[in-house]
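Participant: Dropping in start-v9.txt, with compact mmCIF, C-alpha atoms.
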# COMPACT_ATOMS: atom_id res chain seq x y z
CA MET Y 464 0.00 0.00 0.00
CA LYS Y 465 1.29 3.44 -0.92
CA LYS Y 466 1.94 6.09 1.72
CA LEU Y 467 0.65 9.63 1.26
CA GLU Y 468 4.21 10.82 0.64
CA ASP Y 469 4.28 8.62 -2.45
CA TYR Y 470 1.56 10.77 -4.03
CA VAL Y 471 3.34 14.10 -3.46
CA ARG Y 472 5.25 15.41 -6.45
CA SER Y 473 8.43 17.21 -5.39
CA ILE Y 474 9.70 19.86 -7.80
CA PRO Y 475 13.27 21.04 -7.18
CA ASP Y 476 14.28 24.70 -7.57
CA PHE Y 477 10.71 26.06 -7.71
CA PRO Y 478 9.82 28.88 -7.26
CA GLU Y 479 13.51 29.62 -6.75
CA GLU Y 480 16.79 27.75 -6.59
CA GLY Y 481 17.27 25.65 -3.47
CA ILE Y 482 13.54 25.26 -2.77
CA ILE Y 483 11.76 21.93 -3.19
CA PHE Y 484 8.12 22.64 -4.03
CA ARG Y 485 5.73 20.03 -2.58
CA ASP Y 486 2.87 19.78 -5.07
CA VAL Y 487 -0.52 18.84 -3.62
CA THR Y 488 -2.18 18.59 -7.04
CA SER Y 489 -0.56 15.20 -7.61
CA ILE Y 490 -2.51 13.94 -4.57
CA LEU Y 491 -5.76 15.41 -5.87
CA GLN Y 492 -5.30 13.88 -9.33
CA ASP Y 493 -5.21 10.33 -7.96
CA ALA Y 494 -8.41 8.90 -6.45
CA ASP Y 495 -6.47 6.72 -4.02
CA GLY Y 496 -4.20 9.62 -3.04
CA LEU Y 497 -7.16 11.92 -2.42
CA ALA Y 498 -8.96 9.28 -0.34
CA LEU Y 499 -5.80 8.65 1.68
CA ALA Y 500 -5.34 12.41 2.25
CA ILE Y 501 -8.90 12.88 3.53
CA ASP Y 502 -8.76 9.73 5.66
CA SER Y 503 -5.39 10.74 7.13
CA LEU Y 504 -6.62 14.22 8.05
CA GLN Y 505 -9.79 12.75 9.53
CA ASP Y 506 -7.69 10.42 11.69
CA LEU Y 507 -6.06 13.51 13.25
CA ILE Y 508 -9.45 14.65 14.63
CA LYS Y 509 -11.34 11.36 15.02
CA ASP Y 510 -11.64 11.50 18.83
CA LEU Y 511 -11.87 15.27 19.14
CA ASP Y 512 -14.91 17.13 20.46
CA PHE Y 513 -15.57 20.10 18.17
CA ASP Y 514 -18.41 22.00 16.50
CA VAL Y 515 -17.18 23.48 13.23
CA ILE Y 516 -14.42 23.17 10.63
CA VAL Y 517 -12.75 26.29 9.26
CA GLY Y 518 -10.74 26.05 6.03
CA THR Y 519 -8.50 28.63 4.42
CA GLU Y 520 -8.67 29.61 0.75
CA SER Y 521 -8.27 27.66 -1.35
CA ARG Y 522 -6.78 24.30 -0.57
CA GLY Y 523 -8.19 24.37 2.95
CA PHE Y 524 -11.57 24.24 1.19
CA ILE Y 525 -10.53 21.17 -0.81
CA PHE Y 526 -9.64 19.21 2.32
CA GLY Y 527 -11.97 20.83 4.86
CA VAL Y 528 -15.27 20.33 3.06
CA PRO Y 529 -14.98 16.52 2.76
CA LEU Y 530 -14.06 16.37 6.45
CA ALA Y 531 -17.07 18.51 7.37
CA TYR Y 532 -19.30 16.33 5.20
CA ASN Y 533 -17.96 13.04 6.59
CA LEU Y 534 -18.26 14.24 10.20
CA HIS Y 535 -21.55 16.11 9.68
CA LYS Y 536 -20.09 19.44 10.81
CA PRO Y 537 -20.57 22.92 9.35
CA PHE Y 538 -17.78 24.37 7.22
CA VAL Y 539 -16.65 28.01 7.40
CA PRO Y 540 -14.44 29.48 4.67
CA VAL Y 541 -11.64 31.95 5.32
CA ARG Y 542 -11.27 33.93 2.11
CA LYS Y 543 -9.06 36.58 0.61
CA LYS Y 544 -10.22 40.15 1.17
CA GLY Y 545 -13.29 41.21 -0.80
CA LYS Y 546 -14.60 37.73 -1.70
CA LEU Y 547 -17.35 37.32 0.94
CA PRO Y 548 -20.74 39.00 0.42
CA CYS Y 549 -21.87 39.69 4.01
CA GLU Y 550 -20.40 41.61 6.92
CA THR Y 551 -16.90 40.31 7.66
CA ILE Y 552 -14.12 40.35 10.18
CA SER Y 553 -10.58 40.57 8.78
CA ARG Y 554 -6.93 40.18 9.70
CA THR Y 555 -3.84 41.33 7.83
CA TYR Y 556 -0.58 39.41 8.11
CA ASP Y 557 2.94 39.68 6.75
CA LEU Y 558 4.17 37.80 3.70
CA GLU Y 559 7.74 37.44 2.56
CA TYR Y 560 7.17 40.45 0.29
CA GLY Y 561 4.27 42.56 1.54
CA THR Y 562 1.03 41.73 3.35
CA ALA Y 563 -2.19 39.80 2.78
CA THR Y 564 -5.64 40.10 4.31
CA VAL Y 565 -8.11 37.30 4.99
CA GLU Y 566 -11.74 37.54 6.03
CA MET Y 567 -14.60 35.47 7.36
CA HIS Y 568 -18.26 36.28 7.92
CA LYS Y 569 -18.97 37.86 11.30
CA ASP Y 570 -21.80 35.40 11.92
CA SER Y 571 -19.85 32.27 10.95
CA ILE Y 572 -18.56 31.36 14.42
CA LEU Y 573 -20.75 31.53 17.51
CA PRO Y 574 -19.34 32.28 20.97
CA GLY Y 575 -18.16 29.10 22.65
CA GLN Y 576 -17.96 26.99 19.50
CA LYS Y 577 -15.00 24.62 19.33
CA VAL Y 578 -13.17 24.97 16.02
CA VAL Y 579 -10.80 22.85 13.94
CA ILE Y 580 -8.84 24.76 11.29
CA VAL Y 581 -7.70 22.90 8.15
CA ASP Y 582 -5.20 23.77 5.44
CA ASP Y 583 -3.04 21.82 3.02
CA LEU Y 584 0.32 23.19 4.13
CA ILE Y 585 1.96 24.96 7.04
CA ALA Y 586 4.93 27.05 5.99
CA THR Y 587 5.41 30.23 8.05
CA GLY Y 588 1.98 29.99 9.71
CA GLY Y 589 0.80 33.53 8.91
CA THR Y 590 -2.50 32.61 7.26
CA ILE Y 591 -3.45 30.26 10.08
CA GLU Y 592 -2.38 32.75 12.75
CA ALA Y 593 -4.70 35.33 11.16
CA SER Y 594 -7.50 32.74 10.94
CA ILE Y 595 -7.09 31.85 14.61
CA ALA Y 596 -7.27 35.53 15.57
CA MET Y 597 -10.58 35.91 13.72
CA VAL Y 598 -12.09 32.75 15.25
CA GLU Y 599 -11.11 33.95 18.72
CA ALA Y 600 -12.37 37.49 18.07
CA LEU Y 601 -15.78 35.95 17.29
CA GLY Y 602 -15.70 34.01 20.58
CA GLY Y 603 -14.70 30.61 19.19
CA GLU Y 604 -12.10 28.29 20.67
CA VAL Y 605 -9.53 26.73 18.35
CA VAL Y 606 -9.14 23.15 19.60
CA LYS Y 607 -6.90 21.84 16.80
CA VAL Y 608 -5.15 22.98 13.63
CA ILE Y 609 -4.42 20.31 11.02
CA PHE Y 610 -2.38 20.26 7.85
CA LEU Y 611 -1.71 17.72 5.16
CA MET Y 612 1.94 18.80 4.87
CA GLU Y 613 4.38 20.73 7.02
CA LEU Y 614 7.59 22.47 5.97
CA ALA Y 615 9.36 22.33 9.33
CA GLY Y 616 12.29 24.45 8.15
CA LEU Y 617 10.02 27.52 7.91
CA LYS Y 618 9.10 27.22 11.62
CA GLY Y 619 5.36 27.82 11.26
CA ARG Y 620 4.63 25.45 14.13
CA GLU Y 621 6.60 27.76 16.46
CA ARG Y 622 4.30 30.62 15.49
CA LEU Y 623 1.33 28.44 16.53
CA LYS Y 624 2.98 27.06 19.68
CA ASN Y 625 -0.03 27.77 21.88
CA TYR Y 626 -2.28 25.51 19.80
CA ASP Y 627 -2.64 21.79 19.14
CA VAL Y 628 -1.05 21.47 15.69
CA ALA Y 629 -0.78 18.25 13.68
CA SER Y 630 0.34 17.41 10.18
CA VAL Y 631 0.12 14.19 8.21
CA ILE Y 632 3.49 14.64 6.45
CA CYS Y 633 6.44 16.64 7.81
CA TYR Y 634 9.30 17.70 5.55
CA GLU Y 635 12.39 18.92 7.39
CA GLY Y 636 13.37 21.58 4.83
CA LYS Y 637 11.69 24.65 3.38
Reformat the file's structure so that it appears as structure tokens.
Facilitator:
Amino acid sequence: MKKLEDYVRSIPDFPEEGIIFRDVTSILQDADGLALAIDSLQDLIKDLDFDVIVGTESRGFIFGVPLAYNLHKPFVPVRKKGKLPCETISRTYDLEYGTATVEMHKDSILPGQKVVIVDDLIATGGTIEASIAMVEALGGEVVKVIFLMELAGLKGRERLKNYDVASVICYEGK
């Protein structure tokens, strides 16, 4: 039986020399790889008491929605600024070159709800840190943050040290 790592395509020197790009699309393009990815993420939260799944744009949607469906939980999207139609809450965070802003609907998390946040990859942790801040500002409690892949060399886990963070695959580099 193949491991999830076997479905990940690694592309050297992309987007720049010395970087190995871990391509999630090769998982999505294989039915067995996709099933293994969803099942592996679901195993990370199988015994957890929570109310709602939050996923970040866009690959957090790809992995979060099947989890929400399988576990019969609501799904809340975190989107790039200007993409949501109702009243939103937002957070801006630093990128390597500049800043980015993410938003979620103000009525998407109720006070006291226990939240799991899902994304495909943890690199520096900025997007998830901003997502956590919004969930908490709305009165939610982040009980776990899960990722399909982790780039340990970028130290995103350190940025989220006060939270229960888990990843299916951990790569030591960047």
Participant: From the list Y:Val598, Y:Asp495, Y:Phe513, Y:Tyr556, which residue is nearest His535 (chain Y) when using only C-alpha atoms?
Facilitator: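 Of Y:Val598, Y:Asp495, Y:Phe513, Y:Tyr556, the one nearest His535 (chain Y) is Y:Phe513, counting only C-alpha atoms.
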Participant: Which residues are near region 541-548 of chain Y? Cut-off 9 Å, all atoms listed in the file, ignore same chain within fewer than 6 positions. Put them as a ChimeraX atom specification.
Facilitator: /Y:517-521,523-524,563-568,594
Participant: Select, from Y:Ser571, Y:Gln576, Y:Ser489, Y:Thr587, the residue with the minimum atom-to-atom distance to Glu559 (chain Y), counting all atoms listed in the file.
Facilitator: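 Of Y:Ser571, Y:Gln576, Y:Ser489, Y:Thr587, the one nearest Glu559 (chain Y) is Y:Thr587, counting all atoms listed in the file.
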Participant: Let me make sure I understand: among Y:Cys633, Y:Leu611, Y:Ala593, Y:Ile508, which one has the smallest atom-to-atom distance to Val487 (chain Y) if we use all atoms listed in the file?
Facilitator: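 Closest to Val487 (chain Y), using all atoms listed in the file: Y:Leu611.
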Participant: Kindly give the distance, in Å, that separates CA of Thr555 (chain Y) and CA of Arg485 (chain Y), rounded to a single decimal.
Facilitator: 25.6 Å
Participant: Give me, as number ranges by chain, all polymer residues having an atom no more than 10 Å from Pro537 (chain Y), counting all atoms listed in the file and skipping those fewer than 3 positions away in the same chain.
Facilitator: Y: 514-517, 527-528, 530-532, 534, 571
Participant: Determine, counting all atoms listed in the file, which protein, DNA and RNA residues have an atom within 10 Å of an atom of Ile482 (chain Y); residues of the same chain fewer than 6 positions away are not included. Present the result as a ChimeraX atom specification.
Facilitator: /Y:473-476,636-637
Participant: Could you please determine the separation between CA of Lys607 (chain Y) and CA of Lys577 (chain Y) in Å, to one decimal place?
Facilitator: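 About the pair CA of Lys607 (chain Y) and CA of Lys577 (chain Y): they are 8.9 Å apart.
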Participant: Put a box with edges along x, y and z around all the listed atoms of region 505-513 of chain Y, pad it by 3 Å on each side, then give me its centre and sizes in Å, one decimal, as AutoDock Vina command-line options.
Facilitator:
--center_x -10.8 --center_y 15.3 --center_z 15.0 --size_x 15.5 --size_y 15.7 --size_z 16.9
Participant: To one decimal place, how far is CA of Val579 (chain Y) from CA of Asp512 (chain Y) in Å?
Facilitator: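 Spanning CA of Val579 (chain Y) to CA of Asp512 (chain Y) is a straight-line distance of 9.6 Å.
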Participant: Give the answer as one residue: which of Y:Val581, Y:Ala586, Y:Leu497, Y:Ala615 has the shortest atom-to-atom distance to Glu635 (chain Y), using all atoms listed in the file?
Facilitator: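 Of Y:Val581, Y:Ala586, Y:Leu497, Y:Ala615, the one nearest Glu635 (chain Y) is Y:Ala615, counting all atoms listed in the file.
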Participant: If we count all atoms listed in the file and set the cut-off at 8 Å, which residues sit around Pro574 (chain Y), ignoring sequence neighbours fewer than 4 positions away in its own chain? Please answer as a ChimeraX atom specification.
Facilitator: /Y:601-603
Participant: Place a sphere of radius 6 Å on (-8.5, 17.9, 9.4) in the file coordinates and name every protein, DNA or RNA residue with an atom inside or on its surface, counting only C-alpha atoms; give the answer as a list in words.
Facilitator: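 Here is the list of nearby residues: Leu504, Gln505, Val581 and Ile609 of chain Y.
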Participant: Looking at all atoms listed in the file, which of Y:Ala494, Y:Phe610, Y:Leu507, Y:Gly481 is the one that sits closest to Leu584 (chain Y)?
Facilitator: Y:Phe610
Participant: Using all atoms listed in the file, which of the listed residues (Y:Lys618, Y:Lys624, Y:Ser503, Y:Asp570) sits closest to Glu550 (chain Y)?
Facilitator: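 Closest candidate: Y:Asp570.
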